[in-house]
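Source file model-v6.cif; content: mmCIF, C-alpha atoms.
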```
data_structure
loop_
_atom_site.label_atom_id
_atom_site.label_comp_id
_atom_site.auth_asym_id
_atom_site.auth_seq_id
_atom_site.Cartn_x
_atom_site.Cartn_y
_atom_site.Cartn_z
CA MET Y 20 -7.83 -17.03 7.79
CA SER Y 21 -11.57 -16.74 7.76
CA GLY Y 22 -14.11 -19.54 7.57
CA HIS Y 23 -13.24 -23.17 8.12
CA HIS Y 24 -11.01 -23.61 5.13
CA GLU Y 25 -7.75 -25.18 6.22
CA HIS Y 26 -4.42 -25.68 4.51
CA GLU Y 27 -2.60 -28.74 5.81
CA GLU Y 28 0.69 -27.31 4.59
CA THR Y 29 1.40 -24.21 2.56
CA THR Y 30 -0.17 -25.49 -0.62
CA MET Y 31 -1.48 -22.74 -2.79
CA SER Y 32 -5.19 -22.50 -3.33
CA PRO Y 33 -6.48 -23.58 -6.74
CA TYR Y 34 -8.08 -20.17 -6.83
CA ALA Y 35 -4.61 -18.68 -7.18
CA MET Y 36 -4.33 -20.22 -10.65
CA ARG Y 37 -7.84 -19.11 -11.41
CA ILE Y 38 -7.30 -15.42 -10.66
CA ARG Y 39 -4.01 -15.43 -12.60
CA ALA Y 40 -5.86 -16.92 -15.55
CA ILE Y 41 -8.60 -14.32 -15.20
CA GLU Y 42 -6.02 -11.54 -15.04
CA ALA Y 43 -4.24 -12.80 -18.16
CA LEU Y 44 -7.48 -13.05 -20.11
CA LEU Y 45 -8.74 -9.63 -19.02
CA LEU Y 46 -5.46 -8.03 -20.05
CA GLU Y 47 -5.40 -9.85 -23.40
CA LYS Y 48 -8.91 -8.77 -24.19
CA GLY Y 49 -8.21 -5.20 -23.15
CA VAL Y 50 -10.87 -5.26 -20.45
CA LEU Y 51 -8.24 -4.04 -18.02
CA THR Y 52 -4.79 -2.64 -18.67
CA GLU Y 53 -1.58 -3.54 -16.87
CA PRO Y 54 -1.29 -0.04 -15.30
CA GLU Y 55 -4.85 -0.33 -13.99
CA VAL Y 56 -4.06 -3.61 -12.28
CA GLN Y 57 -0.80 -2.28 -10.85
CA ASP Y 58 -2.50 0.90 -9.61
CA SER Y 59 -5.17 -1.20 -7.96
CA ILE Y 60 -2.55 -3.34 -6.18
CA ALA Y 61 -0.66 -0.21 -5.11
CA TYR Y 62 -3.87 1.41 -3.84
CA MET Y 63 -4.25 -1.13 -1.06
CA GLU Y 64 -0.55 -1.08 -0.20
CA THR Y 65 -0.70 2.59 0.79
CA ARG Y 66 -3.61 2.06 3.15
CA SER Y 67 -2.95 0.93 6.71
CA PRO Y 68 -4.05 1.31 10.33
CA ALA Y 69 -1.36 4.01 10.66
CA ASN Y 70 -3.81 6.32 8.89
CA GLY Y 71 -6.42 5.64 11.54
CA ALA Y 72 -3.84 6.20 14.25
CA ARG Y 73 -2.98 9.60 12.76
CA LEU Y 74 -6.64 10.62 12.68
CA VAL Y 75 -7.06 9.60 16.31
CA ALA Y 76 -3.87 11.29 17.53
CA ARG Y 77 -4.81 14.54 15.81
CA ALA Y 78 -8.27 14.38 17.36
CA TRP Y 79 -6.74 13.85 20.78
CA VAL Y 80 -4.65 17.03 20.57
CA ASP Y 81 -6.96 19.24 18.54
CA GLU Y 82 -10.57 19.72 19.63
CA GLY Y 83 -11.57 21.34 16.36
CA PHE Y 84 -10.22 18.35 14.44
CA GLU Y 85 -12.06 15.97 16.72
CA LYS Y 86 -15.31 17.80 15.96
CA LEU Y 87 -14.62 17.52 12.25
CA LEU Y 88 -13.71 13.85 12.54
CA LEU Y 89 -17.02 13.11 14.27
CA SER Y 90 -19.20 15.21 11.96
CA ASP Y 91 -17.47 14.69 8.60
CA ALA Y 92 -14.82 12.00 8.83
CA LYS Y 93 -14.12 12.10 5.10
CA ALA Y 94 -13.22 15.78 5.28
CA ALA Y 95 -10.99 15.09 8.27
CA ALA Y 96 -9.23 12.28 6.39
CA LEU Y 97 -8.76 14.49 3.35
CA GLN Y 98 -7.27 17.18 5.55
CA LEU Y 99 -4.54 14.72 6.60
CA GLY Y 100 -3.83 13.76 3.02
CA MET Y 101 -5.81 10.52 2.93
CA GLU Y 102 -8.25 9.42 0.25
CA PRO Y 103 -11.41 7.98 1.76
CA GLU Y 104 -13.62 5.84 -0.44
CA HIS Y 105 -16.35 7.05 -2.72
CA PRO Y 106 -19.26 6.64 -2.71
CA ALA Y 107 -19.22 4.83 0.64
CA GLU Y 108 -19.59 7.00 3.72
CA PHE Y 109 -16.93 7.06 6.44
CA VAL Y 110 -18.10 7.68 9.99
CA VAL Y 111 -16.10 7.80 13.21
CA VAL Y 112 -17.78 7.01 16.54
CA LYS Y 113 -16.35 8.21 19.81
CA ASN Y 114 -15.69 6.22 22.97
CA THR Y 115 -16.44 8.14 26.16
CA PRO Y 116 -16.24 7.30 29.85
CA GLY Y 117 -19.83 6.07 29.58
CA VAL Y 118 -19.84 4.43 26.15
CA HIS Y 119 -17.71 1.88 24.31
CA ASN Y 120 -18.22 1.22 20.58
CA LEU Y 121 -17.64 -1.99 18.61
CA ILE Y 122 -17.74 -2.28 14.82
CA VAL Y 123 -18.74 -5.34 12.80
CA CYS Y 124 -20.17 -6.22 9.41
CA THR Y 125 -22.19 -9.38 9.93
CA LEU Y 126 -23.16 -9.76 6.28
CA CYS Y 127 -19.76 -9.57 4.65
CA SER Y 128 -16.89 -7.79 6.58
CA CYS Y 129 -17.24 -4.22 5.31
CA TYR Y 130 -14.42 -2.14 6.73
CA PRO Y 131 -13.02 1.36 6.03
CA ARG Y 132 -10.43 -0.09 3.63
CA ALA Y 133 -9.75 3.15 1.81
CA VAL Y 134 -8.36 4.60 5.03
CA LEU Y 135 -7.20 1.60 7.07
CA GLY Y 136 -6.33 -0.95 4.40
CA ARG Y 137 -7.30 -4.61 4.63
CA PRO Y 138 -9.14 -5.75 7.76
CA PRO Y 139 -7.53 -8.30 10.07
CA ASP Y 140 -8.37 -11.96 9.41
CA TRP Y 141 -10.27 -12.25 12.67
CA TYR Y 142 -12.62 -9.41 11.64
CA LYS Y 143 -13.59 -11.44 8.56
CA SER Y 144 -14.07 -14.68 10.49
CA PHE Y 145 -17.47 -16.29 10.83
CA GLU Y 146 -16.91 -16.37 14.58
CA TYR Y 147 -16.51 -12.59 14.85
CA ARG Y 148 -19.26 -11.77 12.40
CA SER Y 149 -21.71 -14.04 14.22
CA ARG Y 150 -20.86 -13.25 17.83
CA ALA Y 151 -19.98 -9.53 17.87
CA VAL Y 152 -23.64 -8.49 17.61
CA ARG Y 153 -24.94 -10.99 20.13
CA GLU Y 154 -22.21 -11.18 22.74
CA PRO Y 155 -19.92 -8.17 22.25
CA ARG Y 156 -18.63 -8.32 25.81
CA ALA Y 157 -17.58 -11.97 25.52
CA VAL Y 158 -15.84 -11.13 22.23
CA MET Y 159 -13.97 -8.23 23.81
CA ARG Y 160 -12.97 -10.49 26.70
CA GLU Y 161 -11.24 -12.74 24.16
CA PHE Y 162 -9.23 -9.71 23.13
CA GLY Y 163 -8.32 -9.10 26.76
CA PHE Y 164 -10.64 -6.18 27.33
CA GLU Y 165 -13.48 -5.66 29.80
CA PRO Y 166 -15.19 -2.26 29.84
CA PRO Y 167 -15.34 -0.76 33.33
CA GLU Y 168 -18.50 -1.13 35.39
CA GLY Y 169 -21.42 0.91 34.11
CA VAL Y 170 -20.02 1.48 30.60
CA GLU Y 171 -22.56 0.88 27.83
CA VAL Y 172 -21.46 -1.21 24.88
CA ILE Y 173 -22.78 -0.07 21.50
CA VAL Y 174 -22.35 -2.33 18.47
CA HIS Y 175 -22.49 -0.88 14.94
CA ASP Y 176 -23.36 -3.39 12.21
CA SER Y 177 -22.21 -1.90 8.89
CA THR Y 178 -25.15 -3.19 6.91
CA ALA Y 179 -25.22 -0.53 4.22
CA ASP Y 180 -22.52 1.65 2.69
CA VAL Y 181 -21.26 3.37 5.80
CA ARG Y 182 -17.82 2.28 7.01
CA TYR Y 183 -17.15 2.83 10.69
CA MET Y 184 -14.08 3.46 12.79
CA VAL Y 185 -13.83 3.96 16.55
CA LEU Y 186 -12.22 7.02 18.13
CA PRO Y 187 -10.80 5.48 21.33
CA MET Y 188 -10.33 7.54 24.47
CA ARG Y 189 -6.90 9.00 25.04
CA PRO Y 190 -5.16 6.84 27.65
CA PRO Y 191 -4.43 8.54 30.98
CA GLY Y 192 -0.86 9.59 31.68
CA THR Y 193 -0.18 10.61 28.06
CA GLU Y 194 -0.37 14.36 28.57
CA ASP Y 195 3.32 14.87 27.75
CA LEU Y 196 3.39 12.77 24.59
CA ARG Y 197 3.77 14.36 21.18
CA GLU Y 198 1.24 13.70 18.45
CA ASN Y 199 3.34 11.08 16.63
CA GLU Y 200 3.97 9.30 19.96
CA LEU Y 201 0.23 9.29 20.60
CA ALA Y 202 -0.36 7.79 17.16
CA ASP Y 203 2.01 4.93 18.06
CA LEU Y 204 -0.34 4.01 20.92
CA VAL Y 205 -3.33 3.50 18.65
CA THR Y 206 -3.66 -0.10 17.55
CA ARG Y 207 -5.67 -1.45 14.64
CA ASP Y 208 -7.77 -3.52 17.03
CA SER Y 209 -8.73 -0.45 19.08
CA LEU Y 210 -10.05 1.22 15.90
CA VAL Y 211 -12.51 -1.68 15.54
CA GLY Y 212 -13.28 -1.51 19.23
CA VAL Y 213 -12.39 -5.00 20.44
CA ASN Y 214 -10.06 -3.39 22.94
CA VAL Y 215 -8.52 -0.02 23.82
CA PRO Y 216 -5.06 1.47 23.25
CA MET G 13 -38.50 10.84 4.23
CA THR G 14 -41.06 9.05 6.36
CA PHE G 15 -39.27 8.85 9.71
CA GLU G 16 -37.71 11.34 12.10
CA PRO G 17 -35.03 10.76 14.73
CA GLY G 18 -36.67 9.36 17.84
CA ASP G 19 -39.47 7.60 15.96
CA ARG G 20 -40.16 4.06 17.10
CA VAL G 21 -39.94 1.60 14.24
CA ARG G 22 -40.11 -2.09 13.54
CA VAL G 23 -38.13 -3.98 10.93
CA LEU G 24 -40.36 -5.85 8.51
CA PRO G 25 -40.24 -9.61 9.04
CA SER G 26 -40.07 -10.07 5.28
CA ALA G 27 -38.50 -13.22 3.88
CA LYS G 28 -37.68 -11.42 0.63
CA PRO G 29 -35.35 -13.62 -1.43
CA GLY G 30 -32.22 -12.43 -3.14
CA HIS G 31 -29.69 -9.87 -2.03
CA VAL G 32 -30.85 -7.82 0.91
CA ARG G 33 -28.87 -5.81 3.41
CA THR G 34 -31.28 -6.25 6.31
CA PRO G 35 -29.86 -9.00 8.52
CA GLY G 36 -32.11 -11.84 9.65
CA TYR G 37 -31.49 -11.15 13.33
CA LEU G 38 -33.22 -7.75 12.98
CA LYS G 39 -36.32 -8.87 11.14
CA GLY G 40 -39.46 -8.27 13.15
CA LYS G 41 -37.52 -6.38 15.84
CA ALA G 42 -38.49 -3.02 17.26
CA GLY G 43 -36.17 -0.08 17.80
CA TRP G 44 -35.85 3.63 17.15
CA ILE G 45 -34.60 5.96 14.45
CA GLU G 46 -31.30 7.42 15.59
CA SER G 47 -30.65 9.53 12.51
CA MET G 48 -31.08 9.72 8.77
CA ILE G 49 -27.88 8.85 6.97
CA GLY G 50 -28.88 9.92 3.47
CA GLU G 51 -30.44 8.59 0.29
CA PHE G 52 -28.79 5.89 -1.78
CA PRO G 53 -29.62 3.67 -4.73
CA ASN G 54 -31.27 0.45 -3.57
CA PRO G 55 -28.58 -2.22 -3.11
CA GLU G 56 -31.18 -4.96 -3.70
CA GLU G 57 -31.48 -3.70 -7.26
CA LEU G 58 -27.85 -2.76 -7.82
CA ALA G 59 -26.93 -6.32 -6.97
CA TYR G 60 -28.57 -7.49 -10.20
CA GLY G 61 -27.23 -4.78 -12.45
CA HIS G 62 -30.17 -2.42 -12.18
CA SER G 63 -29.84 1.26 -11.43
CA GLY G 64 -31.32 1.04 -7.95
CA LEU G 65 -33.16 4.31 -8.60
CA PRO G 66 -34.98 6.14 -7.24
CA GLU G 67 -32.67 6.51 -4.25
CA ARG G 68 -34.01 5.26 -0.94
CA PRO G 69 -33.68 6.84 2.50
CA LEU G 70 -31.24 5.03 4.78
CA TYR G 71 -31.49 5.34 8.56
CA LYS G 72 -29.27 4.53 11.49
CA VAL G 73 -31.64 2.44 13.60
CA GLY G 74 -31.03 1.57 17.27
CA PHE G 75 -32.12 -1.55 19.10
CA LEU G 76 -31.78 -2.48 22.76
CA GLN G 77 -29.70 -5.65 22.90
CA SER G 78 -32.13 -7.07 25.44
CA ASP G 79 -34.85 -6.72 22.77
CA LEU G 80 -32.76 -8.58 20.19
CA TRP G 81 -31.53 -11.55 22.21
CA ASP G 82 -33.25 -13.52 24.98
CA ASP G 83 -29.90 -14.55 26.38
CA TYR G 84 -28.10 -11.22 26.10
CA GLU G 85 -25.34 -10.90 28.68
CA GLY G 86 -24.44 -7.33 29.37
CA ASN G 87 -25.82 -4.07 30.63
CA ALA G 88 -29.52 -3.35 30.26
CA GLU G 89 -28.54 -0.16 28.44
CA ASP G 90 -26.34 -1.85 25.82
CA TYR G 91 -27.62 -1.31 22.31
CA LEU G 92 -26.89 -2.00 18.68
CA TYR G 93 -27.13 0.13 15.57
CA ALA G 94 -27.68 -1.08 12.04
CA ASP G 95 -28.13 0.94 8.86
CA VAL G 96 -31.56 0.06 7.50
CA TYR G 97 -33.40 1.23 4.40
CA GLU G 98 -36.77 2.92 4.80
CA HIS G 99 -38.63 0.28 2.81
CA TRP G 100 -37.70 -2.24 5.50
CA LEU G 101 -39.25 -0.18 8.30
CA GLU G 102 -42.73 0.44 9.61
CA PRO G 103 -43.92 2.37 12.66
CA GLY G 104 -43.45 0.29 15.80
CA GLU G 105 -43.59 0.30 19.54
CA GLY G 106 -40.30 -0.74 20.99
CA GLY G 107 -37.79 0.18 23.62
CA THR G 108 -35.48 3.08 23.16
CA LYS G 109 -32.16 4.07 24.63
CA MET K 10 -30.00 -18.41 -3.00
CA GLY K 11 -28.97 -19.27 0.53
CA SER K 12 -28.52 -16.96 3.44
CA VAL K 13 -25.45 -18.63 4.87
CA HIS K 14 -23.73 -15.25 4.81
CA ASP K 15 -26.42 -13.74 7.04
CA MET K 16 -24.80 -14.94 10.21
CA GLY K 17 -25.32 -12.24 12.83
CA GLY K 18 -26.28 -13.94 16.08
CA SER K 19 -25.44 -17.48 14.98
CA PRO K 20 -23.68 -19.64 17.54
CA GLU K 21 -19.97 -19.89 16.86
CA GLY K 22 -16.79 -20.75 18.72
CA SER K 23 -13.87 -18.68 19.85
CA ILE K 24 -12.18 -16.28 17.49
CA ASP K 25 -8.88 -17.25 15.91
CA ARG K 26 -6.77 -14.16 16.32
CA SER K 27 -3.87 -15.31 14.14
CA GLN K 28 -3.08 -13.40 10.97
CA HIS K 29 -1.93 -15.05 7.77
CA GLU K 30 0.50 -13.35 5.43
CA VAL K 31 -1.48 -11.99 2.49
CA GLU K 32 -0.44 -13.96 -0.57
CA ASP K 33 0.24 -12.40 -3.94
CA TRP K 34 -2.76 -14.08 -5.54
CA GLU K 35 -4.97 -12.61 -2.81
CA ARG K 36 -3.59 -9.14 -3.51
CA LEU K 37 -4.34 -9.80 -7.15
CA ALA K 38 -7.89 -10.97 -6.39
CA ASP K 39 -8.49 -7.78 -4.44
CA ALA K 40 -6.95 -5.64 -7.16
CA ILE K 41 -8.83 -7.24 -10.07
CA SER K 42 -12.14 -6.90 -8.29
CA SER K 43 -11.48 -3.26 -7.41
CA ALA K 44 -10.26 -2.46 -10.92
CA LEU K 45 -13.36 -3.99 -12.47
CA GLY K 46 -15.45 -1.92 -10.08
CA LYS K 47 -13.54 1.21 -10.97
CA GLU K 48 -14.11 0.51 -14.67
CA GLY K 49 -17.83 0.30 -13.96
CA LEU K 50 -17.99 -3.34 -15.03
CA TYR K 51 -19.50 -4.39 -11.80
CA THR K 52 -20.66 -2.90 -8.51
CA THR K 53 -19.86 -3.76 -4.90
CA ASP K 54 -23.47 -4.91 -4.61
CA GLU K 55 -23.13 -7.37 -7.50
CA HIS K 56 -19.89 -8.62 -5.99
CA ARG K 57 -21.57 -9.17 -2.63
CA ARG K 58 -24.55 -10.90 -4.24
CA ALA K 59 -22.25 -13.19 -6.18
CA ILE K 60 -20.33 -14.11 -3.02
CA GLU K 61 -23.54 -14.77 -1.10
CA SER K 62 -24.74 -17.15 -3.81
CA LEU K 63 -21.64 -19.37 -3.71
CA GLU K 64 -22.38 -22.97 -2.85
CA GLY K 65 -19.07 -23.44 -1.13
CA TYR K 66 -19.39 -20.25 0.92
CA ARG K 67 -18.43 -21.80 4.25
CA ASP K 68 -15.64 -23.88 2.77
CA LEU K 69 -13.85 -21.13 0.92
CA SER K 70 -11.50 -18.59 2.40
CA TYR K 71 -12.23 -14.89 2.13
CA TYR K 72 -10.27 -14.29 -1.10
CA GLU K 73 -11.28 -17.61 -2.58
CA ARG K 74 -14.83 -16.30 -2.34
CA TRP K 75 -13.72 -13.11 -4.08
CA VAL K 76 -12.16 -15.04 -6.96
CA ALA K 77 -15.20 -17.29 -7.34
CA ALA K 78 -17.52 -14.27 -7.29
CA THR K 79 -15.40 -12.35 -9.80
CA GLU K 80 -15.47 -15.33 -12.14
CA LYS K 81 -19.21 -15.71 -11.69
CA LEU K 82 -19.85 -12.09 -12.60
CA LEU K 83 -17.46 -12.03 -15.55
CA VAL K 84 -19.18 -15.09 -17.00
CA GLU K 85 -22.65 -13.69 -16.23
CA LYS K 86 -21.76 -10.50 -18.03
CA GLU K 87 -20.28 -12.49 -20.92
CA ILE K 88 -16.91 -10.83 -20.55
CA LEU K 89 -15.20 -14.21 -20.17
CA THR K 90 -16.36 -17.82 -20.44
CA THR K 91 -15.82 -20.62 -17.96
CA ASP K 92 -14.14 -22.66 -20.70
CA GLU K 93 -11.51 -20.08 -21.46
CA ILE K 94 -10.79 -19.57 -17.76
CA ASP K 95 -10.52 -23.35 -17.30
CA GLU K 96 -8.16 -23.59 -20.25
CA ARG K 97 -5.98 -20.74 -19.18
CA ALA K 98 -5.89 -21.91 -15.54
CA ALA K 99 -4.78 -25.38 -16.68
CA GLU K 100 -2.13 -23.84 -18.93
CA THR K 101 -0.90 -21.59 -16.14
CA GLU K 102 -0.72 -24.57 -13.84
CA ARG K 103 1.36 -26.53 -16.38
CA ARG K 104 3.76 -23.63 -16.77
CA TRP K 105 4.08 -22.95 -13.07
CA GLY K 106 4.27 -26.62 -12.12
CA GLY K 107 1.11 -26.89 -10.08
CA PRO K 108 -0.88 -24.82 -7.55
#
```

Structure encoded using structure tokens:
Amino acid sequence: MSGHHEHEETTMSPYAMRIRAIEALLLEKGVLTEPEVQDSIAYMETRSPANGARLVARAWVDEGFEKLLLSDAKAAALQLGMEPEHPAEFVVVKNTPGVHNLIVCTLCSCYPRAVLGRPPDWYKSFEYRSRAVREPRAVMREFGFEPPEGVEVIVHDSTADVRYMVLPMRPPGTEDLRENELADLVTRDSLVGVNVP
Amino acid sequence: MTFEPGDRVRVLPSAKPGHVRTPGYLKGKAGWIESMIGEFPNPEELAYGHSGLPERPLYKVGFLQSDLWDDYEGNAEDYLYADVYEHWLEPGEGGTK
Amino acid sequence: MGSVHDMGGSPEGSIDRSQHEVEDWERLADAISSALGKEGLYTTDEHRRAIESLEGYRDLSYYERWVAATEKLLVEKEILTTDEIDERAAETERRWGGP
């Protein structure tokens, strides 16, 4: 849970009643329809880090796809049957032996939701949003990752309407794995860049 | 479009009130233009229900971490990118990657 | 309007890596906001601005901020009034037996 708001026990937030009231009123007044609300709920349910994992696994086995993913990530996502967001841009940045990328949105927690679904709670936390830009290496250490000696760390702050995802490096010793097995290696956290698969 | 990739720029130290997408930690800092992302309606205007037109150029701007933070712990080559609108940038003299 | 949200570089403690189960009301908050955006009733930028202007920004959870911002914008745009939301929320609470 983000921020410093704490529940002592599982008491529901008063905002729960508020949004239900708002929903009821909007439906009554015809501002929104029931199908619109249901579609909107369903939209997020079909998005998950598995989509990101599929994009990465395909890029690992197919050089042409990797090129597309890095030059036009939306087109790459569409090719695999996903629906990236409009009008926001979707950009994938590649980790290399010399470079490690880390994504953050300091101002609000922007995230490529249309592909990956909801961001993890920690991504939305004040602690991550504040520290990722200033001490990315200390943050990654908390996630159990230390880039090897000499690797540059590049932080991307999503300050405008571009949503970023990391293309991690393919782990060594995975030459014999099939694409779906490779996808299973790709974690949500590695797509943000706090660690590696 | 005023800037080209490689140009050195500085972020305006403006204390403009209201909704802005230029973070405080970048104001007054010098970096370089990495690339032009495109042109978009101005979020500062959209935030108040205006059209945000005409569209403004948006750049991917790079900054050396050692230029942003006095106490930065990491490699001298570490850097940070932020997506900054043209009207927040002026020519500058900073480090580059 | 404060700039509490503009927190890049601020000193903060260690990151809580636990994940809470998304509650139904949070899914609803997300869905209502997105649906209103899709209908062209408000933009992501207005939603962000409304969140940034919340007095309780640091005390509210992520989706609590969304609900408060949605309410703020709906009232601003005269789509709903605070009174009718208050009334309906109280009624909902009575029916459901509390938050």

Place a sphere of radius 12 Å on (-10.5, -22.0, -19.9) in the file coordinates and name every protein, DNA or RNA residue with an atom inside or on its surface, counting only C-alpha atoms; give the answer as a VMD selection string. (chain Y and resid 36 to 41 43 to 44) or (chain K and resid 80 84 89 to 102)

What residues come out when you apply the PyMOL selection byres ((chain G) within 10 of (chain Y)) to this file, written as number ranges by chain? G: 32-37, 49-50, 52, 54-55, 70-78, 80-97

Pull out every residue of chain Y that has at least one atom within 9 Å of chain K, counting all atoms listed in the file, and report them as a PyMOL selection string. chain Y and resi 20-25+30-45+50-51+55-63+124-127+139-154+158+161-162

Run the PyMOL selection byres ((chain G) within 6 of (chain K)) on the file and write out the hits as JSON, numbers by chain. {"G": [31, 55, 58, 59]}

Which residues, protein or nucleic acid, reach to within 9 Å of (-6.2, 1.1, 20.9) in the file's coordinates when using only C-alpha atoms, and can you give that as a ChimeraX atom specification? /Y:72,186-190,204-216

Specify as an MDAnalysis selection string each residue included when the PyMOL selection byres ((chain Y and resi 73) around 9) is applied to this file. chainID Y and resid 68:72 74:78 99 198:199 201:203 205

How many Å lie between CA of Ala78 (chain K) and CA of Leu63 (chain K), rounded to one decimal? 7.5 Å

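Taking CA of Ala27 (chain G) and CA of Cys129 (chain Y) as the two end points, the separation is 23.1 Å.
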
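Taking CA of Lys93 (chain Y) and CA of Asp81 (chain Y) as endpoints, the distance between them is 16.8 Å.
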